[in-house]
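Coordinates as given in upload_10.cif (mmCIF, C-alpha atoms and all ligand atoms):
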data_query
loop_
_atom_site.label_atom_id
_atom_site.label_comp_id
_atom_site.auth_asym_id
_atom_site.auth_seq_id
_atom_site.Cartn_x
_atom_site.Cartn_y
_atom_site.Cartn_z
CA MET B 78 17.18 -84.61 54.81
CA LYS B 79 20.72 -83.46 55.46
CA ILE B 80 22.40 -80.07 55.23
CA THR B 81 25.19 -80.22 52.66
CA ASP B 82 26.22 -76.57 52.48
CA LEU B 83 25.76 -73.13 53.97
CA LYS B 84 26.16 -70.12 51.71
CA CYS B 85 25.93 -66.40 52.32
CA ALA B 86 25.82 -63.69 49.65
CA LEU B 87 25.44 -59.94 49.90
CA ILE B 88 22.35 -58.92 47.91
CA GLY B 89 21.85 -55.19 48.10
CA ASP B 90 22.95 -54.48 51.67
CA SER B 91 21.57 -57.71 53.13
CA PRO B 92 23.61 -60.82 53.75
CA ILE B 93 21.36 -63.63 52.47
CA VAL B 94 21.69 -67.08 54.00
CA ARG B 95 21.11 -70.19 51.91
CA ILE B 96 21.04 -73.63 53.52
CA VAL B 97 21.54 -76.33 50.88
CA THR B 98 20.34 -79.91 51.39
CA ASP B 99 20.88 -83.32 49.82
CA GLU B 100 17.27 -83.35 48.59
CA GLY B 101 17.61 -80.40 46.25
CA VAL B 102 15.62 -78.07 48.50
CA SER B 103 17.12 -74.86 49.93
CA GLY B 104 16.08 -72.62 52.82
CA TYR B 105 16.68 -68.88 52.84
CA GLY B 106 17.04 -66.22 55.53
CA GLN B 107 17.88 -62.52 55.43
CA VAL B 108 20.05 -60.36 57.65
CA GLU B 109 19.09 -56.69 58.15
CA THR B 110 20.11 -54.24 55.45
CA TYR B 111 22.00 -52.32 58.15
CA LYS B 112 24.39 -55.25 58.66
CA PRO B 113 26.14 -55.80 55.31
CA TYR B 114 29.29 -56.80 57.21
CA LEU B 115 27.78 -59.87 58.82
CA GLY B 116 28.58 -62.51 56.18
CA PRO B 117 31.71 -63.86 57.88
CA ILE B 118 29.77 -64.32 61.15
CA VAL B 119 27.17 -66.36 59.25
CA MET B 120 29.83 -68.55 57.66
CA MET B 121 31.40 -69.21 61.05
CA LEU B 122 28.32 -71.37 61.76
CA LYS B 123 28.85 -73.68 58.79
CA PRO B 124 30.80 -76.51 60.47
CA ALA B 125 28.03 -76.89 63.07
CA LEU B 126 25.35 -77.26 60.39
CA ILE B 127 26.82 -79.67 57.85
CA GLY B 128 25.29 -83.14 58.08
CA GLN B 129 22.39 -82.04 60.31
CA ASP B 130 18.72 -82.65 59.51
CA PRO B 131 17.29 -79.12 59.08
CA THR B 132 13.74 -80.26 59.82
CA HIS B 133 14.78 -80.80 63.46
CA VAL B 134 15.03 -77.06 63.83
CA GLU B 135 15.56 -76.90 67.58
CA ARG B 136 18.14 -79.68 67.53
CA VAL B 137 20.18 -77.70 65.01
CA MET B 138 19.66 -74.44 66.90
CA ARG B 139 21.10 -75.97 70.06
CA ARG B 140 24.36 -76.36 68.15
CA ILE B 141 24.68 -72.68 67.17
CA ARG B 142 22.73 -70.56 69.67
CA ASN B 143 25.81 -69.90 71.77
CA ARG B 144 27.40 -68.15 68.79
CA GLY B 145 25.03 -65.17 69.02
CA GLY B 146 24.69 -62.12 71.24
CA PHE B 147 22.82 -58.84 71.55
CA LYS B 148 22.46 -56.87 68.29
CA PRO B 149 24.28 -57.08 65.92
CA TRP B 150 25.74 -60.45 66.88
CA GLY B 151 22.50 -62.44 67.11
CA ALA B 152 21.63 -61.75 63.49
CA ALA B 153 23.63 -64.61 61.96
CA VAL B 154 22.06 -67.24 64.21
CA SER B 155 18.63 -65.65 63.64
CA ALA B 156 18.91 -65.70 59.83
CA VAL B 157 19.97 -69.35 59.91
CA GLU B 158 16.98 -70.15 62.13
CA MET B 159 14.61 -68.60 59.62
CA ALA B 160 16.25 -70.57 56.80
CA LEU B 161 15.81 -73.78 58.83
CA TRP B 162 12.07 -73.08 59.26
CA ASP B 163 11.81 -72.33 55.55
CA LEU B 164 13.33 -75.76 54.85
CA ALA B 165 11.25 -77.55 57.46
CA GLY B 166 8.09 -76.09 55.94
CA LYS B 167 9.08 -76.97 52.40
CA ALA B 168 10.00 -80.52 53.48
CA ALA B 169 6.60 -80.95 55.15
CA GLY B 170 4.71 -79.17 52.36
CA LEU B 171 3.29 -76.80 54.98
CA PRO B 172 3.49 -73.07 55.69
CA VAL B 173 5.78 -72.25 58.58
CA HIS B 174 2.85 -70.94 60.64
CA LYS B 175 1.43 -74.49 60.76
CA LEU B 176 4.70 -75.81 62.18
CA LEU B 177 4.48 -73.13 64.89
CA GLY B 178 0.95 -74.17 65.87
CA GLY B 179 -1.10 -72.72 63.04
CA LYS B 180 -2.42 -69.26 62.34
CA VAL B 181 -4.89 -67.72 64.76
CA ARG B 182 -5.47 -64.79 62.41
CA ASP B 183 -5.80 -64.65 58.61
CA LYS B 184 -4.23 -61.21 58.32
CA VAL B 185 -1.67 -59.44 60.47
CA ARG B 186 -1.70 -55.77 61.35
CA VAL B 187 1.48 -53.90 60.43
CA TYR B 188 2.79 -50.44 61.17
CA ASN B 189 4.94 -48.13 59.08
CA GLY B 190 8.50 -49.32 59.84
CA ALA B 191 10.41 -48.92 56.57
CA TYR B 192 7.52 -47.09 54.90
CA ARG B 193 8.23 -43.52 55.79
CA ASP B 194 9.39 -40.30 54.30
CA PRO B 195 12.41 -38.71 55.97
CA ILE B 196 11.59 -36.11 58.61
CA THR B 197 12.89 -32.88 57.15
CA GLY B 198 13.48 -31.14 60.47
CA HIS B 199 12.74 -31.57 64.14
CA ASN B 200 10.24 -28.84 64.88
CA PRO B 201 6.49 -29.16 65.45
CA GLU B 202 5.65 -28.17 61.85
CA ASP B 203 7.96 -30.93 60.56
CA TYR B 204 6.19 -33.47 62.75
CA ALA B 205 2.80 -32.28 61.54
CA ALA B 206 4.01 -32.59 57.94
CA PHE B 207 5.40 -36.08 58.58
CA ALA B 208 2.11 -37.19 60.13
CA THR B 209 0.17 -35.72 57.20
CA ALA B 210 2.35 -37.66 54.75
CA MET B 211 1.99 -40.89 56.72
CA LYS B 212 -1.76 -40.51 56.83
CA ALA B 213 -1.87 -40.12 53.04
CA ARG B 214 0.21 -43.23 52.30
CA PRO B 215 -1.42 -45.96 50.20
CA GLU B 216 -0.68 -48.70 52.78
CA GLY B 217 -3.47 -47.38 55.01
CA PHE B 218 -1.61 -47.84 58.28
CA SER B 219 -3.74 -47.80 61.43
CA ILE B 220 -0.61 -47.35 63.55
CA VAL B 221 2.27 -45.00 62.83
CA LYS B 222 5.54 -44.78 64.74
CA ILE B 223 7.50 -41.56 64.67
CA PRO B 224 11.10 -41.00 65.86
CA VAL B 225 11.74 -38.28 68.44
CA ALA B 226 14.45 -36.95 70.75
CA PHE B 227 17.52 -39.21 71.00
CA HIS B 228 16.25 -41.41 68.17
CA THR B 229 16.82 -38.42 65.88
CA THR B 230 19.33 -35.62 65.45
CA MET B 231 17.16 -33.36 67.60
CA THR B 232 20.20 -33.26 69.90
CA ALA B 233 22.10 -31.40 67.16
CA ASP B 234 19.25 -29.51 65.52
CA VAL B 235 17.53 -27.97 68.54
CA PRO B 236 19.67 -25.47 70.50
CA ASP B 237 20.08 -26.23 74.21
CA PHE B 238 18.19 -29.48 73.82
CA PHE B 239 20.13 -31.32 76.49
CA TYR B 240 22.94 -30.96 79.00
CA GLY B 241 25.42 -32.69 76.77
CA GLU B 242 27.20 -32.20 73.49
CA HIS B 243 25.93 -33.80 70.34
CA GLU B 244 28.53 -36.31 69.27
CA GLN B 245 28.75 -38.05 65.91
CA ARG B 246 29.74 -41.57 66.81
CA ALA B 247 31.42 -44.23 64.71
CA PHE B 248 28.64 -46.80 64.84
CA HIS B 249 24.91 -46.05 65.08
CA SER B 250 26.16 -42.56 64.84
CA HIS B 251 23.33 -40.21 65.78
CA ILE B 252 22.44 -41.73 69.13
CA ASN B 253 23.38 -39.51 72.06
CA ARG B 254 22.53 -39.65 75.74
CA GLY B 255 22.01 -37.11 78.50
CA LEU B 256 19.72 -35.05 80.68
CA LEU B 257 17.22 -32.86 78.81
CA THR B 258 16.82 -29.16 79.46
CA GLU B 259 13.31 -27.90 80.33
CA LYS B 260 13.27 -26.33 76.87
CA GLY B 261 14.30 -29.63 75.29
CA LEU B 262 11.58 -31.61 77.01
CA ASP B 263 8.93 -29.02 76.12
CA HIS B 264 10.15 -29.16 72.53
CA VAL B 265 9.69 -32.93 72.28
CA VAL B 266 6.20 -32.69 73.76
CA ALA B 267 5.27 -29.92 71.29
CA CYS B 268 6.48 -32.06 68.36
CA VAL B 269 4.44 -35.03 69.55
CA GLU B 270 1.35 -32.88 70.05
CA ALA B 271 1.73 -31.52 66.52
CA ALA B 272 1.85 -35.04 65.06
CA LYS B 273 -1.05 -36.19 67.20
CA ALA B 274 -3.18 -33.23 66.14
CA VAL B 275 -2.90 -34.47 62.56
CA LEU B 276 -3.44 -38.17 63.27
CA GLY B 277 -6.32 -37.58 65.68
CA ASP B 278 -7.97 -40.71 67.00
CA GLU B 279 -8.00 -42.34 63.56
CA ILE B 280 -4.39 -43.51 63.56
CA GLY B 281 -2.61 -44.83 66.63
CA LEU B 282 0.65 -43.06 67.43
CA ALA B 283 3.77 -44.71 68.86
CA LEU B 284 7.13 -43.01 69.42
CA ASP B 285 10.65 -44.31 68.94
CA CYS B 286 12.44 -42.27 71.58
CA GLY B 287 15.98 -43.36 72.16
CA PRO B 288 17.88 -44.93 73.72
CA GLY B 289 19.47 -42.17 75.75
CA TRP B 290 16.99 -40.79 78.28
CA HIS B 291 17.69 -40.64 81.97
CA LEU B 292 15.00 -42.05 84.21
CA THR B 293 13.82 -38.70 85.61
CA ASP B 294 13.31 -37.22 82.15
CA ALA B 295 11.67 -40.39 80.92
CA ILE B 296 9.11 -40.22 83.73
CA ARG B 297 8.46 -36.52 83.11
CA PHE B 298 8.00 -37.12 79.39
CA ALA B 299 5.77 -40.18 79.75
CA ARG B 300 3.53 -38.24 82.14
CA ALA B 301 3.52 -35.12 79.94
CA VAL B 302 2.06 -37.09 77.02
CA GLU B 303 -0.49 -39.12 79.00
CA HIS B 304 -3.34 -37.06 77.59
CA LEU B 305 -2.37 -38.07 74.03
CA HIS B 306 -3.29 -41.76 74.41
CA LEU B 307 -0.08 -42.95 72.73
CA LEU B 308 0.32 -46.63 71.88
CA TRP B 309 3.80 -46.80 73.35
CA LEU B 310 7.07 -45.02 74.04
CA GLU B 311 9.88 -47.15 72.67
CA ASP B 312 13.42 -47.52 73.95
CA LEU B 313 13.58 -44.54 76.28
CA LEU B 314 16.28 -46.02 78.50
CA THR B 315 17.92 -48.77 76.47
CA GLY B 316 17.39 -50.02 72.93
CA ASP B 317 19.13 -50.31 69.62
CA TYR B 318 22.70 -51.64 70.02
CA VAL B 319 22.61 -51.39 73.83
CA HIS B 320 24.04 -54.57 75.27
CA TRP B 321 22.07 -54.70 78.50
CA VAL B 322 18.42 -54.80 79.61
CA ASN B 323 18.05 -52.56 82.70
CA ALA B 324 14.72 -54.07 83.78
CA ASP B 325 14.75 -52.58 87.28
CA VAL B 326 14.99 -49.03 85.93
CA TYR B 327 12.33 -49.73 83.31
CA ARG B 328 10.07 -51.01 86.04
CA GLU B 329 10.31 -47.72 87.89
CA LEU B 330 9.46 -45.82 84.71
CA THR B 331 6.55 -48.08 83.78
CA ALA B 332 5.09 -47.91 87.28
CA SER B 333 5.21 -44.10 87.16
CA THR B 334 2.97 -43.48 84.16
CA SER B 335 -0.14 -44.59 82.31
CA THR B 336 1.68 -44.19 78.96
CA PRO B 337 2.71 -47.68 77.77
CA ILE B 338 6.45 -48.36 77.78
CA HIS B 339 8.08 -50.56 75.11
CA THR B 340 11.56 -52.03 74.55
CA GLY B 341 13.50 -55.07 73.36
CA GLU B 342 14.60 -54.77 69.71
CA GLN B 343 18.27 -55.38 70.40
CA ILE B 344 17.88 -58.21 72.90
CA TYR B 345 19.12 -61.73 72.11
CA LEU B 346 17.25 -64.80 73.40
CA ARG B 347 14.20 -65.37 75.58
CA GLN B 348 16.29 -65.57 78.74
CA ASN B 349 17.13 -61.90 78.40
CA PHE B 350 13.42 -61.00 78.38
CA LYS B 351 12.86 -62.79 81.67
CA SER B 352 13.45 -59.79 83.93
CA LEU B 353 11.43 -57.46 81.70
CA ILE B 354 8.46 -59.82 81.57
CA GLU B 355 8.44 -61.40 85.02
CA GLY B 356 9.21 -58.04 86.61
CA HIS B 357 6.41 -56.29 84.67
CA ALA B 358 9.11 -53.79 83.75
CA VAL B 359 7.48 -52.76 80.46
CA ASN B 360 3.99 -52.88 78.93
CA VAL B 361 5.07 -53.91 75.43
CA VAL B 362 8.02 -55.97 74.18
CA GLY B 363 9.39 -55.69 70.66
CA PRO B 364 11.97 -58.35 69.84
CA ASP B 365 13.23 -58.51 66.27
CA PRO B 366 13.15 -62.04 64.81
CA GLY B 367 16.33 -61.12 62.96
CA ASP B 368 18.19 -60.36 66.20
CA VAL B 369 16.50 -62.28 69.02
CA GLY B 370 17.45 -65.71 67.72
CA GLY B 371 14.70 -66.34 65.19
CA ILE B 372 10.97 -66.75 64.85
CA ALA B 373 10.45 -69.60 67.34
CA GLU B 374 12.29 -67.49 69.90
CA LEU B 375 9.93 -64.60 69.12
CA LYS B 376 6.86 -66.84 69.38
CA TRP B 377 7.97 -68.11 72.77
CA ILE B 378 8.50 -64.56 74.08
CA ALA B 379 5.05 -63.54 72.79
CA GLU B 380 3.42 -66.41 74.68
CA TYR B 381 5.36 -65.72 77.86
CA ALA B 382 4.63 -61.99 77.68
CA ASP B 383 0.91 -62.74 77.26
CA LEU B 384 0.92 -64.80 80.46
CA HIS B 385 2.16 -61.69 82.25
CA GLY B 386 -0.20 -59.14 80.72
CA ILE B 387 2.45 -57.70 78.42
CA LEU B 388 1.81 -56.79 74.80
CA MET B 389 3.87 -57.71 71.72
CA ALA B 390 4.87 -55.45 68.81
CA PRO B 391 7.80 -57.06 66.95
CA HIS B 392 10.57 -54.91 65.49
CA GLY B 393 11.65 -55.36 61.88
CA THR B 394 12.37 -52.16 59.91
CA GLY B 395 15.51 -53.36 58.14
CA ASN B 396 14.66 -57.02 57.65
CA GLY B 397 13.80 -56.83 53.96
CA LEU B 398 11.34 -58.94 52.01
CA LEU B 399 12.43 -62.28 53.46
CA GLY B 400 12.03 -60.58 56.81
CA ILE B 401 8.42 -59.65 56.01
CA ALA B 402 7.71 -63.29 55.21
CA ALA B 403 9.21 -64.49 58.49
CA LEU B 404 7.41 -61.82 60.52
CA VAL B 405 4.07 -62.60 58.89
CA GLN B 406 4.41 -66.35 59.46
CA VAL B 407 5.21 -66.03 63.15
CA SER B 408 2.91 -63.10 63.92
CA ALA B 409 -0.04 -65.08 62.55
CA THR B 410 0.48 -67.58 65.39
CA MET B 411 0.84 -65.18 68.32
CA PRO B 412 -1.71 -64.84 71.10
CA ASP B 413 -4.04 -61.85 71.46
CA ASN B 414 -1.32 -59.68 72.99
CA TYR B 415 -0.12 -59.14 69.40
CA ILE B 416 -0.51 -55.50 68.34
CA ALA B 417 1.28 -55.10 65.00
CA LEU B 418 4.63 -55.80 63.39
CA GLU B 419 7.02 -53.12 62.22
CA CYS B 420 6.94 -53.69 58.49
CA PRO B 421 10.17 -53.95 56.48
CA ALA B 422 10.33 -53.11 52.78
CA GLY B 423 12.37 -54.22 49.78
CA LYS B 424 15.40 -51.95 49.58
CA PRO B 425 16.65 -51.16 46.96
CA ALA B 426 13.32 -51.35 45.13
CA TRP B 427 14.65 -54.01 42.69
CA TRP B 428 14.20 -56.47 45.54
CA TYR B 429 10.52 -56.65 44.51
CA ASP B 430 11.64 -58.01 41.09
CA ILE B 431 13.83 -60.80 42.45
CA VAL B 432 11.44 -62.31 45.00
CA GLU B 433 8.13 -63.96 44.12
CA GLY B 434 5.12 -64.93 46.19
CA PHE B 435 3.88 -61.64 47.60
CA ASP B 436 0.52 -60.09 46.87
CA ASP B 437 0.71 -56.78 45.02
CA PRO B 438 0.32 -54.58 46.97
CA ILE B 439 1.66 -56.42 50.00
CA ILE B 440 -0.10 -54.15 52.51
CA VAL B 441 -3.81 -53.35 52.21
CA ASP B 442 -5.65 -51.20 54.78
CA GLY B 443 -2.75 -51.65 57.19
CA PHE B 444 -2.82 -55.46 57.06
CA ILE B 445 -0.97 -58.26 55.28
CA ASP B 446 -2.92 -61.42 54.38
CA VAL B 447 -1.28 -64.56 55.75
CA TRP B 448 -0.47 -66.96 52.93
CA ASP B 449 -0.39 -70.76 53.08
CA ARG B 450 2.36 -71.72 50.67
CA PRO B 451 5.03 -74.14 51.98
CA GLY B 452 7.93 -72.82 54.03
CA MET B 453 8.10 -69.05 54.32
CA GLY B 454 6.08 -69.01 51.11
CA ILE B 455 8.25 -66.77 48.99
CA GLU B 456 10.98 -67.70 46.50
CA PHE B 457 13.85 -66.07 44.71
CA ASN B 458 13.55 -65.65 40.97
CA ILE B 459 17.04 -67.03 40.54
CA GLU B 460 17.61 -65.69 37.06
CA LYS B 461 16.73 -62.15 38.09
CA ALA B 462 18.35 -62.32 41.53
CA SER B 463 21.64 -63.58 40.06
CA GLN B 464 22.13 -60.23 38.33
CA TYR B 465 22.62 -58.63 41.72
CA LEU B 466 25.24 -61.02 43.07
CA VAL B 467 28.54 -59.25 43.68
CA ALA B 468 32.01 -60.54 42.78
CA GLY B 469 32.86 -63.59 44.82
CA ASP B 470 29.22 -64.58 45.36
CA GLU B 471 28.53 -65.76 41.78
CA ASP B 472 27.88 -69.36 42.79
CA PHE B 473 25.35 -68.50 45.53
CA PHE B 474 22.36 -70.02 43.73
CA ALA B 475 24.39 -72.80 42.02
MG MG D 501 13.10 -48.82 67.66
#

Starting from the file, give its structure as structure tokens.
Ligand SMILES: [Mg+2]
Amino acid sequence: MKITDLKCALIGDSPIVRIVTDEGVSGYGQVETYKPYLGPIVMMLKPALIGQDPTHVERVMRRIRNRGGFKPWGAAVSAVEMALWDLAGKAAGLPVHKLLGGKVRDKVRVYNGAYRDPITGHNPEDYAAFATAMKARPEGFSIVKIPVAFHTTMTADVPDFFYGEHEQRAFHSHINRGLLTEKGLDHVVACVEAAKAVLGDEIGLALDCGPGWHLTDAIRFARAVEHLHLLWLEDLLTGDYVHWVNADVYRELTASTSTPIHTGEQIYLRQNFKSLIEGHAVNVVGPDPGDVGGIAELKWIAEYADLHGILMAPHGTGNGLLGIAALVQVSATMPDNYIALECPAGKPAWWYDIVEGFDDPIIVDGFIDVWDRPGMGIEFNIEKASQYLVAGDEDFFA
């Protein structure tokens, strides 16, 4: 089998990758909905792919891996990797999980991710209301993650929250950074306690916290919520769109508290998890298959983390329906350090009409059943999907 073409079309807000072969089979991958601008970066990879056998996934990846970087720049390489696995599975007539070693679980636990109502404010009553709504959702999540502090506009909404000025930035605009006031820290703790009071011990609570905390505040906060038995505190120090790892500082935080510390969604490649994992700098890692370099990269990090007593909870909020498929296939193969994946959704909702292969509903009692159809196991309904192709992309499925 040989790759004859690489195409990329914007469907909704997601650049969709299609690898075309000489055997009439195509592989598909999806870039996050938050990266509609990424198409040209995908197409930059085309000359390195033409003529290659897509079923030798790693051999092809060696040709393009040096064209990625920390989020957002690893997304193009990652989407191509997922399309290669889709092709390799279809060519072999096997689900991707079998090519990665086979599934060790028949269903994978997921947490809310893209399934959430907006938080209407950033006071304890708003957090209680959010938790109440999450608890009532039909997906039956056993884990819910809630954004707090610098991962929200609490910096603007709560007076004297921190010793800094809330700044609306050009990219990833609401993320600020600075030292919290005593009032600010107490406010975050009160919000978390309000959410926890609703969820009780029935639903595990994780927090998306930053990035933006200074180490001293992070330690104070992690200790202040120790009694709440949280699943993890995510991205206190670094995180989304931060182009470094900071493992030594994370290690100091993690060693200072019994509350589990989590990071990694923006990191590209296994090598950049080395210091976090070998240094026991965090308790949980959360690479995104759509940013880290693909699903084999994610699988490798999960295995290596397990060797070091570190848990795995993959990121994925914006990865769309093709992203769910990729996350399910790889998560089914992970060792027992797997907690749950952050579940993407189809956005806009018409995405559910243009892709076939999912159960309806996809999520039952907080789990997704792992399917065994070839490749990633889902397919575009080309007739329906073609209606959503924008000008210039008309020949995407041709
Ligand atoms: Mg996050």

So the first atom is CA of Pro215 in chain B and the second is CA of Arg182 in chain B; what is the distance between them in Å, to one decimal place? 22.8 Å

Give the residues close to ligand MG 501 (chain D), within 12 Å, counting all atoms listed in the file; write them as a ChimeraX atom specification. /B:189-191,222-225,227-229,252,283-288,309-319,339-344,362-365,390-395,418-419

Residue among B:Leu171, B:Leu307, B:Ala382, B:Cys85 lying closest to Val108 in chain B, counting all atoms listed in the file: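 Going through B:Leu171, B:Leu307, B:Ala382, B:Cys85 one by one, the smallest distance to Val108 in chain B is for B:Cys85.
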
d(CA of Phe474 in chain B, CA of Ala403 in chain B) in Å: 20.5 Å

Please provide as a list in words all residues within 12 Å of Pro438 in chain B, with the sequence filter that same-chain residues fewer than 4 positions apart are discarded (counting all atoms listed in the file). Pro215, Glu216, Gly217, Ala422, Tyr429, Gly434, Asp442, Gly443, Phe444, Ile445 and Asp446 of chain B
